[in-house]
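Asks: Structure file model-v8.txt (compact mmCIF, C-alpha atoms) is given on the next line.
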```txt
# COMPACT_ATOMS: atom_id res chain seq x y z
CA MET A 253 -67.84 30.51 5.13
CA SER A 254 -69.27 28.76 2.15
CA LYS A 255 -70.69 32.05 1.05
CA THR A 256 -67.25 33.67 0.88
CA ILE A 257 -65.92 30.78 -1.21
CA SER A 258 -68.71 31.00 -3.68
CA LYS A 259 -68.14 34.72 -3.91
CA ALA A 260 -64.47 34.12 -4.62
CA GLU A 261 -65.41 31.63 -7.30
CA ALA A 262 -67.77 34.10 -8.85
CA THR A 263 -64.98 36.65 -9.04
CA MET A 264 -62.68 34.06 -10.60
CA GLU A 265 -65.22 33.30 -13.24
CA ARG A 266 -65.79 36.94 -14.02
CA ARG A 267 -62.06 37.42 -14.32
CA ASP A 268 -61.84 34.42 -16.68
CA VAL A 269 -64.57 35.85 -18.82
CA LEU A 270 -62.80 39.21 -18.97
CA LYS A 271 -59.59 37.42 -19.91
CA LEU A 272 -61.39 35.68 -22.75
CA LEU A 273 -62.80 38.95 -23.96
CA GLY A 274 -59.35 40.49 -23.75
CA LEU A 275 -57.96 37.82 -26.02
CA GLY A 276 -60.57 38.69 -28.57
CA THR A 277 -62.02 35.32 -29.48
CA VAL A 278 -62.66 32.04 -27.76
CA ALA A 279 -60.72 30.36 -30.55
CA ALA A 280 -57.60 32.29 -29.66
CA ALA A 281 -57.97 31.29 -26.01
CA THR A 282 -58.33 27.62 -26.84
CA GLY A 283 -55.33 27.81 -29.10
CA SER A 284 -53.11 29.39 -26.49
CA MET A 285 -54.15 26.84 -23.86
CA LEU A 286 -53.42 23.97 -26.18
CA SER A 287 -50.01 25.25 -27.15
CA SER A 288 -48.68 24.26 -23.71
CA GLU A 289 -49.56 20.62 -24.51
CA ALA A 290 -47.49 18.32 -26.67
CA LEU A 291 -49.10 18.46 -30.08
CA ALA A 292 -49.03 15.81 -32.73
CA THR A 293 -46.77 16.74 -35.59
CA PRO A 294 -47.03 15.67 -39.24
CA GLU A 295 -44.02 13.39 -38.57
CA ALA A 296 -45.66 11.75 -35.55
CA THR A 297 -48.83 11.27 -37.58
CA ALA A 298 -46.92 9.68 -40.47
CA LYS A 299 -45.12 7.38 -38.01
CA TYR A 300 -48.39 6.37 -36.37
CA LEU A 301 -50.02 5.54 -39.72
CA ALA A 302 -46.94 3.65 -40.93
CA LYS A 303 -47.05 1.52 -37.77
CA LEU A 304 -50.73 0.70 -38.28
CA SER A 305 -50.55 0.01 -42.00
CA GLY A 306 -47.18 -1.75 -41.93
CA THR A 307 -45.72 0.38 -44.73
CA SER A 308 -44.92 3.96 -45.54
CA SER A 309 -45.23 3.69 -49.31
CA TYR A 310 -48.75 4.68 -50.19
CA LYS A 311 -50.74 4.66 -53.38
CA SER A 312 -53.12 7.45 -54.14
CA GLY A 313 -56.60 7.10 -55.57
CA LYS A 314 -59.32 4.59 -54.67
CA ILE A 315 -59.81 6.26 -51.28
CA SER A 316 -61.72 9.47 -50.68
CA LEU A 317 -62.18 11.52 -47.54
CA LYS A 318 -65.22 13.73 -47.33
CA MET A 319 -65.01 16.56 -44.81
CA PRO A 320 -66.10 20.18 -44.76
CA ASP A 321 -63.44 22.67 -45.95
CA ILE A 322 -64.22 24.91 -43.01
CA ALA A 323 -65.40 23.52 -39.69
CA GLU A 324 -67.09 26.16 -37.60
CA ASN A 325 -67.14 23.94 -34.52
CA GLY A 326 -64.08 21.77 -34.04
CA ALA A 327 -65.88 19.62 -31.45
CA THR A 328 -67.90 17.70 -34.04
CA VAL A 329 -66.60 17.62 -37.56
CA PRO A 330 -68.33 15.05 -39.78
CA LEU A 331 -66.16 12.84 -41.93
CA THR A 332 -66.80 10.03 -44.40
CA VAL A 333 -64.13 7.74 -45.77
CA SER A 334 -65.04 5.65 -48.78
CA VAL A 335 -62.84 3.20 -50.62
CA ASP A 336 -63.44 1.85 -54.09
CA SER A 337 -63.50 -1.92 -53.51
CA PRO A 338 -65.80 -4.79 -54.54
CA MET A 339 -65.68 -6.12 -50.93
CA THR A 340 -65.58 -9.79 -51.97
CA ALA A 341 -63.83 -12.55 -50.00
CA ASN A 342 -60.69 -12.17 -52.17
CA ASN A 343 -60.64 -8.43 -52.62
CA TYR A 344 -61.73 -6.22 -49.75
CA VAL A 345 -60.65 -3.39 -47.51
CA LYS A 346 -59.17 -4.76 -44.31
CA SER A 347 -58.93 -1.55 -42.34
CA ILE A 348 -59.27 2.20 -42.53
CA HIS A 349 -57.21 4.39 -40.22
CA VAL A 350 -57.80 8.09 -39.63
CA ALA A 351 -55.24 10.46 -38.09
CA ALA A 352 -54.86 14.19 -37.59
CA ASP A 353 -51.55 16.07 -37.52
CA LYS A 354 -52.20 18.94 -35.11
CA ASN A 355 -54.45 17.46 -32.45
CA PRO A 356 -52.95 16.63 -29.04
CA ASN A 357 -52.52 13.07 -30.36
CA PRO A 358 -52.42 11.85 -33.94
CA GLU A 359 -54.80 8.91 -33.57
CA VAL A 360 -58.49 9.41 -34.34
CA VAL A 361 -60.21 6.15 -35.22
CA SER A 362 -59.47 2.81 -36.87
CA PHE A 363 -62.08 0.68 -38.61
CA HIS A 364 -61.65 -3.02 -39.27
CA LEU A 365 -63.85 -4.19 -42.10
CA THR A 366 -64.78 -7.62 -43.43
CA PRO A 367 -66.24 -8.82 -46.74
CA ALA A 368 -69.60 -8.84 -44.88
CA SER A 369 -69.41 -5.03 -44.84
CA GLY A 370 -70.54 -5.03 -48.48
CA LYS A 371 -69.41 -1.47 -49.08
CA ALA A 372 -66.22 0.17 -47.84
CA GLU A 373 -67.64 3.40 -46.52
CA VAL A 374 -67.64 4.65 -42.94
CA SER A 375 -68.78 7.91 -41.37
CA THR A 376 -68.25 9.42 -37.96
CA ARG A 377 -67.63 12.76 -36.25
CA MET A 378 -64.29 13.90 -34.93
CA ARG A 379 -62.66 16.65 -32.88
CA LEU A 380 -60.19 19.06 -34.42
CA ALA A 381 -58.11 21.30 -32.15
CA LYS A 382 -57.18 23.73 -34.93
CA THR A 383 -56.73 24.04 -38.67
CA GLN A 384 -54.85 20.96 -39.83
CA ASN A 385 -54.57 18.03 -42.19
CA VAL A 386 -56.67 14.92 -41.65
CA VAL A 387 -55.15 11.79 -43.14
CA ALA A 388 -56.90 8.52 -43.95
CA VAL A 389 -55.29 5.30 -45.13
CA ALA A 390 -56.97 2.12 -46.33
CA VAL A 391 -55.23 -1.25 -46.02
CA MET A 392 -56.46 -3.62 -48.74
CA SER A 393 -56.61 -7.41 -48.48
CA ASP A 394 -53.75 -7.69 -51.02
CA GLY A 395 -51.50 -5.63 -48.74
CA SER A 396 -51.50 -2.39 -50.72
CA VAL A 397 -52.18 0.80 -48.81
CA HIS A 398 -53.96 3.83 -50.21
CA ARG A 399 -53.71 7.26 -48.64
CA VAL A 400 -55.64 10.51 -48.80
CA SER A 401 -55.22 13.73 -46.88
CA ARG A 402 -57.36 16.81 -46.57
CA LYS A 403 -56.90 20.20 -44.96
CA VAL A 404 -59.73 21.37 -42.75
CA LYS A 405 -59.94 24.94 -41.47
CA VAL A 406 -61.19 25.17 -37.90
CA THR A 407 -62.82 28.28 -36.48
CA ILE A 408 -63.23 27.07 -32.87
CA GLY A 409 -61.06 24.26 -31.54
CA GLY A 410 -62.73 21.16 -30.15
CA CYS A 411 -60.33 19.45 -27.80
CA GLY A 412 -61.10 21.55 -24.73
CA GLY A 413 -58.47 23.50 -22.86
CA MET B 234 -73.18 4.64 -19.85
CA ALA B 235 -76.63 4.35 -18.60
CA ARG B 236 -78.34 5.92 -21.56
CA LYS B 237 -79.51 3.79 -24.42
CA PRO B 238 -77.70 3.64 -27.74
CA ARG B 239 -79.59 4.29 -30.96
CA VAL B 240 -79.32 2.08 -34.03
CA LYS B 241 -81.04 2.64 -37.34
CA LEU B 242 -81.31 0.00 -40.07
CA PRO B 243 -84.09 -1.45 -42.26
CA LYS B 244 -86.22 -4.28 -40.81
CA SER B 245 -86.56 -6.17 -44.06
CA VAL B 246 -84.21 -6.26 -47.04
CA ALA B 247 -83.78 -8.12 -50.33
CA LYS B 248 -81.29 -11.00 -50.27
CA GLY B 249 -77.75 -9.79 -50.88
CA GLN B 250 -78.67 -6.16 -50.36
CA VAL B 251 -76.09 -3.81 -48.89
CA VAL B 252 -77.70 -1.71 -46.15
CA GLN B 253 -76.51 1.32 -44.25
CA ILE B 254 -76.43 1.05 -40.47
CA LYS B 255 -76.30 4.16 -38.30
CA THR B 256 -75.37 3.98 -34.63
CA LEU B 257 -75.09 6.58 -31.90
CA ILE B 258 -74.46 6.23 -28.19
CA PRO B 259 -74.73 9.08 -25.69
CA HIS B 260 -71.33 9.47 -24.02
CA LYS B 261 -69.32 12.55 -23.08
CA MET B 262 -66.03 11.04 -24.40
CA GLU B 263 -63.81 12.84 -21.87
CA THR B 264 -60.51 13.38 -23.70
CA GLY B 265 -58.13 13.63 -20.74
CA GLN B 266 -56.99 17.02 -22.08
CA ARG B 267 -59.53 19.15 -20.25
CA LYS B 268 -58.78 20.77 -16.93
CA ASN B 269 -61.11 21.31 -14.01
CA LYS B 270 -61.48 24.60 -12.15
CA LYS B 271 -58.53 23.82 -9.85
CA GLY B 272 -56.23 23.27 -12.82
CA GLY B 273 -56.06 19.47 -12.48
CA LYS B 274 -56.60 17.27 -15.49
CA ILE B 275 -59.94 15.54 -15.85
CA PRO B 276 -59.03 11.88 -16.45
CA ARG B 277 -59.69 10.35 -19.85
CA PHE B 278 -62.92 8.38 -20.08
CA ILE B 279 -64.06 7.34 -23.52
CA ILE B 280 -65.69 4.51 -25.39
CA ASN B 281 -62.71 2.82 -27.00
CA LYS B 282 -64.36 0.07 -29.03
CA VAL B 283 -67.49 -0.41 -31.11
CA GLU B 284 -68.27 -3.78 -32.62
CA ALA B 285 -70.97 -4.92 -35.02
CA THR B 286 -71.64 -8.59 -35.70
CA PHE B 287 -74.25 -10.36 -37.81
CA ASN B 288 -75.32 -13.84 -36.65
CA GLY B 289 -72.13 -13.96 -34.58
CA LYS B 290 -69.79 -13.05 -37.46
CA PRO B 291 -67.90 -9.75 -37.38
CA VAL B 292 -69.00 -7.01 -39.78
CA VAL B 293 -67.18 -3.87 -38.62
CA THR B 294 -65.05 -3.08 -35.58
CA ALA B 295 -63.86 0.41 -34.69
CA ASP B 296 -61.06 1.43 -32.30
CA LEU B 297 -61.84 4.86 -30.92
CA HIS B 298 -59.41 7.46 -29.62
CA PRO B 299 -60.13 10.71 -27.72
CA ALA B 300 -60.35 12.60 -31.03
CA VAL B 301 -63.75 11.03 -31.71
CA SER B 302 -66.51 13.51 -30.82
CA ALA B 303 -68.82 13.20 -27.83
CA ASN B 304 -71.85 10.96 -28.41
CA PRO B 305 -69.91 8.86 -30.94
CA TYR B 306 -71.82 8.39 -34.17
CA PHE B 307 -70.95 5.76 -36.74
CA ALA B 308 -72.43 4.90 -40.09
CA PHE B 309 -71.27 1.86 -42.03
CA TYR B 310 -72.59 -0.81 -44.38
CA ALA B 311 -73.39 -4.52 -44.25
CA ARG B 312 -74.36 -7.05 -46.89
CA VAL B 313 -77.34 -9.13 -45.78
CA ASN B 314 -77.61 -12.61 -47.34
CA GLU B 315 -79.89 -14.24 -44.76
CA SER B 316 -82.32 -13.29 -42.02
CA GLY B 317 -80.64 -12.79 -38.70
CA THR B 318 -79.62 -10.48 -35.91
CA PHE B 319 -77.17 -7.63 -35.82
CA LYS B 320 -75.53 -7.21 -32.45
CA PHE B 321 -73.74 -4.00 -31.47
CA THR B 322 -71.34 -3.70 -28.54
CA TRP B 323 -69.78 -0.53 -27.10
CA THR B 324 -66.89 -0.87 -24.61
CA ASP B 325 -65.63 1.98 -22.41
CA ASP B 326 -62.29 2.61 -20.68
CA LYS B 327 -63.54 0.93 -17.50
CA GLY B 328 -64.33 -2.26 -19.43
CA LYS B 329 -68.09 -1.77 -19.17
CA THR B 330 -70.10 -2.77 -22.22
CA VAL B 331 -73.47 -1.85 -23.65
CA THR B 332 -75.07 -4.11 -26.23
CA THR B 333 -78.11 -3.87 -28.39
CA SER B 334 -79.54 -6.15 -31.07
CA LYS B 335 -81.63 -5.59 -34.19
CA LYS B 336 -83.38 -8.27 -36.23
CA VAL B 337 -83.35 -8.14 -40.02
CA ALA B 338 -85.53 -10.31 -42.25
CA VAL B 339 -84.76 -11.24 -45.85
CA LYS B 340 -87.85 -10.85 -48.03
```
Now, as a test, write the supplied structure out as structure tokens.

Replies:
Amino acid sequence: MSKTISKAEATMERRDVLKLLGLGTVAAATGSMLSSEALATPEATAKYLAKLSGTSSYKSGKISLKMPDIAENGATVPLTVSVDSPMTANNYVKSIHVAADKNPNPEVVSFHLTPASGKAEVSTRMRLAKTQNVVAVAVMSDGSVHRVSRKVKVTIGGCGG
Amino acid sequence: MARKPRVKLPKSVAKGQVVQIKTLIPHKMETGQRKNKKGGKIPRFIINKVEATFNGKPVVTADLHPAVSANPYFAFYARVNESGTFKFTWTDDKGKTVTTSKKVAVK
């Protein structure tokens, strides 16, 4: 009995593989699977960031977002956010929020910094489902919010399907 | 969560020096988007919080979402004015925590 099941499973898998080949690339398959899910939109991402930063009027400059222009593997895309700040008790970066506008959800990661951080720079690795904009905002201790966004091309999506 | 996290930072620094700290914890960071073979969703299971403190005072806290890659890696900075201990805490969706400490001496 168990033998028949495993045989059926094997057939299923072979069929899946053939389906993938039929679609041409794995990237295309991932994309089509994800399209059935609710995707974050640029509007949802803007709303999410406005909620976190408490404003929707952003200044540019002071913040930079380092990411590759083309990410071959969307499962781990390195990113570094750095903010130009002296990081003293009176003038420091309170938080850094990162969001993406075409992942299943806009939120990525939020950092809460203190003057003890010494330098306002954080690095991590994120998932990108497809080519999209990654947005980072920095909330300063004086209440001003700086924003930067960057388009990253993704060859293979990284959110599973 | 059984596997040990890795933390890299210098053992001794000059007073007031800003040092880079690198952390990594092995974790699959299940997004909740993936499906199993039967078509059901695999439930979300991620590390949702990483905290770094120095001598009990907060340095950096991060709130993680499913878009953070598996085996979450973080690099950040800390200004060291006195000898002491950095403590790092990772919290997962089930409320389980993993902590590790590193001593730093001021020359």

Asks: Report the distance between CA of Phe363 in chain A and CA of Lys274 in chain B in Å, rounded to one decimal place.

Replies: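 Taking CA of Phe363 in chain A and CA of Lys274 in chain B, their separation equals 29.0 Å.
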
Asks: List every residue of chain A that has an atom at most 9 Å from any atom of chain B, and for each one report the closest atom pair and its distance in Å to one decimal, counting only C-alpha atoms, with rows sorted by chain and then by increasing residue number, as a Markdown table.

Replies:
```
| residue | atom | partner | partner_atom | distance |
| --- | --- | --- | --- | --- |
| A:Leu286 | CA | B:Gln266 | CA | 8.8 |
| A:Glu289 | CA | B:Gln266 | CA | 8.6 |
| A:Ala327 | CA | B:Ser302 | CA | 6.2 |
| A:Thr328 | CA | B:Ser302 | CA | 5.5 |
| A:Val329 | CA | B:Ser302 | CA | 7.9 |
| A:Thr332 | CA | B:Ala308 | CA | 8.8 |
| A:Ala351 | CA | B:Ala300 | CA | 9.0 |
| A:Ala352 | CA | B:Ala300 | CA | 8.7 |
| A:Asn355 | CA | B:Ala300 | CA | 7.8 |
| A:Pro356 | CA | B:Gln266 | CA | 8.1 |
| A:Asn357 | CA | B:Ala300 | CA | 7.9 |
| A:Pro358 | CA | B:Ala300 | CA | 8.5 |
| A:Glu359 | CA | B:His298 | CA | 6.2 |
| A:Val360 | CA | B:Ala300 | CA | 5.0 |
| A:Val361 | CA | B:Leu297 | CA | 4.8 |
| A:Ser362 | CA | B:Asp296 | CA | 5.0 |
| A:Phe363 | CA | B:Ala295 | CA | 4.3 |
| A:His364 | CA | B:Thr294 | CA | 5.0 |
| A:Leu365 | CA | B:Val293 | CA | 4.8 |
| A:Thr366 | CA | B:Val292 | CA | 5.6 |
| A:Pro367 | CA | B:Val292 | CA | 7.7 |
| A:Ala368 | CA | B:Val292 | CA | 5.5 |
| A:Ser369 | CA | B:Ala311 | CA | 4.1 |
| A:Gly370 | CA | B:Arg312 | CA | 4.6 |
| A:Lys371 | CA | B:Tyr310 | CA | 5.7 |
| A:Ala372 | CA | B:Tyr310 | CA | 7.3 |
| A:Glu373 | CA | B:Phe309 | CA | 6.0 |
| A:Val374 | CA | B:Phe309 | CA | 4.7 |
| A:Ser375 | CA | B:Ala308 | CA | 4.9 |
| A:Thr376 | CA | B:Phe307 | CA | 4.7 |
| A:Arg377 | CA | B:Ser302 | CA | 5.6 |
| A:Met378 | CA | B:Val301 | CA | 4.3 |
| A:Arg379 | CA | B:Ala300 | CA | 5.0 |
| A:Leu380 | CA | B:Ala300 | CA | 7.3 |
| A:Gly410 | CA | B:Ser302 | CA | 8.6 |
| A:Cys411 | CA | B:Gln266 | CA | 7.1 |
| A:Gly412 | CA | B:Arg267 | CA | 5.3 |
| A:Gly413 | CA | B:Arg267 | CA | 5.2 |
```

Asks: Next, the residues of the selection above should be written as a compact mmCIF listing (two decimals), keeping the file's coordinate frame with C-alpha atoms.

Replies:
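For reference, again_23.txt as written:
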```
# COMPACT_ATOMS: atom_id res chain seq x y z
CA LEU A 286 -53.42 23.97 -26.18
CA GLU A 289 -49.56 20.62 -24.51
CA ALA A 327 -65.88 19.62 -31.45
CA THR A 328 -67.90 17.70 -34.04
CA VAL A 329 -66.60 17.62 -37.56
CA THR A 332 -66.80 10.03 -44.40
CA ALA A 351 -55.24 10.46 -38.09
CA ALA A 352 -54.86 14.19 -37.59
CA ASN A 355 -54.45 17.46 -32.45
CA PRO A 356 -52.95 16.63 -29.04
CA ASN A 357 -52.52 13.07 -30.36
CA PRO A 358 -52.42 11.85 -33.94
CA GLU A 359 -54.80 8.91 -33.57
CA VAL A 360 -58.49 9.41 -34.34
CA VAL A 361 -60.21 6.15 -35.22
CA SER A 362 -59.47 2.81 -36.87
CA PHE A 363 -62.08 0.68 -38.61
CA HIS A 364 -61.65 -3.02 -39.27
CA LEU A 365 -63.85 -4.19 -42.10
CA THR A 366 -64.78 -7.62 -43.43
CA PRO A 367 -66.24 -8.82 -46.74
CA ALA A 368 -69.60 -8.84 -44.88
CA SER A 369 -69.41 -5.03 -44.84
CA GLY A 370 -70.54 -5.03 -48.48
CA LYS A 371 -69.41 -1.47 -49.08
CA ALA A 372 -66.22 0.17 -47.84
CA GLU A 373 -67.64 3.40 -46.52
CA VAL A 374 -67.64 4.65 -42.94
CA SER A 375 -68.78 7.91 -41.37
CA THR A 376 -68.25 9.42 -37.96
CA ARG A 377 -67.63 12.76 -36.25
CA MET A 378 -64.29 13.90 -34.93
CA ARG A 379 -62.66 16.65 -32.88
CA LEU A 380 -60.19 19.06 -34.42
CA GLY A 410 -62.73 21.16 -30.15
CA CYS A 411 -60.33 19.45 -27.80
CA GLY A 412 -61.10 21.55 -24.73
CA GLY A 413 -58.47 23.50 -22.86
```

Asks: Taking (-82.1, -7.6, -32.6) in the file's coordinates as the center, which residues reach within 6 Å of it, counting all atoms listed in the file, put as number ranges by chain?

Replies: B: 318-319, 334-336

Asks: Work out how far apart CA of Asn343 in chain A and CA of Ile315 in chain A are and give it in Å to one decimal.

Replies: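 These two atoms are separated by 14.8 Å.
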
Asks: Quick one: distance from CA of His349 in chain A to CA of His398 in chain A in Å, one decimal?

Replies: 10.5 Å

Asks: Quick one: residues within 10 Å of (-51.5, 2.0, -47.3) (file frame), counting only C-alpha atoms, please, as a list of chain:residue names.

Replies: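 Result, sorted by chain then residue number: A:Leu301, A:Ala302, A:Leu304, A:Ser305, A:Gly306, A:Thr307, A:Ser308, A:Ser309, A:Tyr310, A:Lys311, A:Ser312, A:Ser347, A:Ile348, A:His349, A:Ala388, A:Val389, A:Ala390, A:Val391, A:Met392, A:Gly395, A:Ser396, A:Val397, A:His398, A:Arg399, A:Val400.
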
Asks: Counting all atoms listed in the file, which residue out of B:Pro259, B:Pro243, B:Gly289, B:Pro276 sits closest to Trp323 in chain B?

Replies: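 Looking only at the distances to Trp323 in chain B, the closest residue turns out to be B:Pro259.
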
Asks: With a distance cut-off of 10 Å and all atoms listed in the file, select the neighbouring residues of Asn342 in chain A, excluding the residue or stretch itself and same-chain residues fewer than 4 positions from it, and output the selection as an MDAnalysis selection string.

Replies: chainID A and resid 338 367 393:394

Asks: So that I have them on file, write out the residues from the current selection with C-alpha atoms, as a PDB file, in the coordinates of the input.

Replies:
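For reference, part.pdb as written:
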```pdb
ATOM      1  CA  PRO A 338     -65.800  -4.790 -54.540  1.00  0.00           C
ATOM      2  CA  PRO A 367     -66.240  -8.820 -46.740  1.00  0.00           C
ATOM      3  CA  SER A 393     -56.610  -7.410 -48.480  1.00  0.00           C
ATOM      4  CA  ASP A 394     -53.750  -7.690 -51.020  1.00  0.00           C
TER       5      ASP A 394
END
```
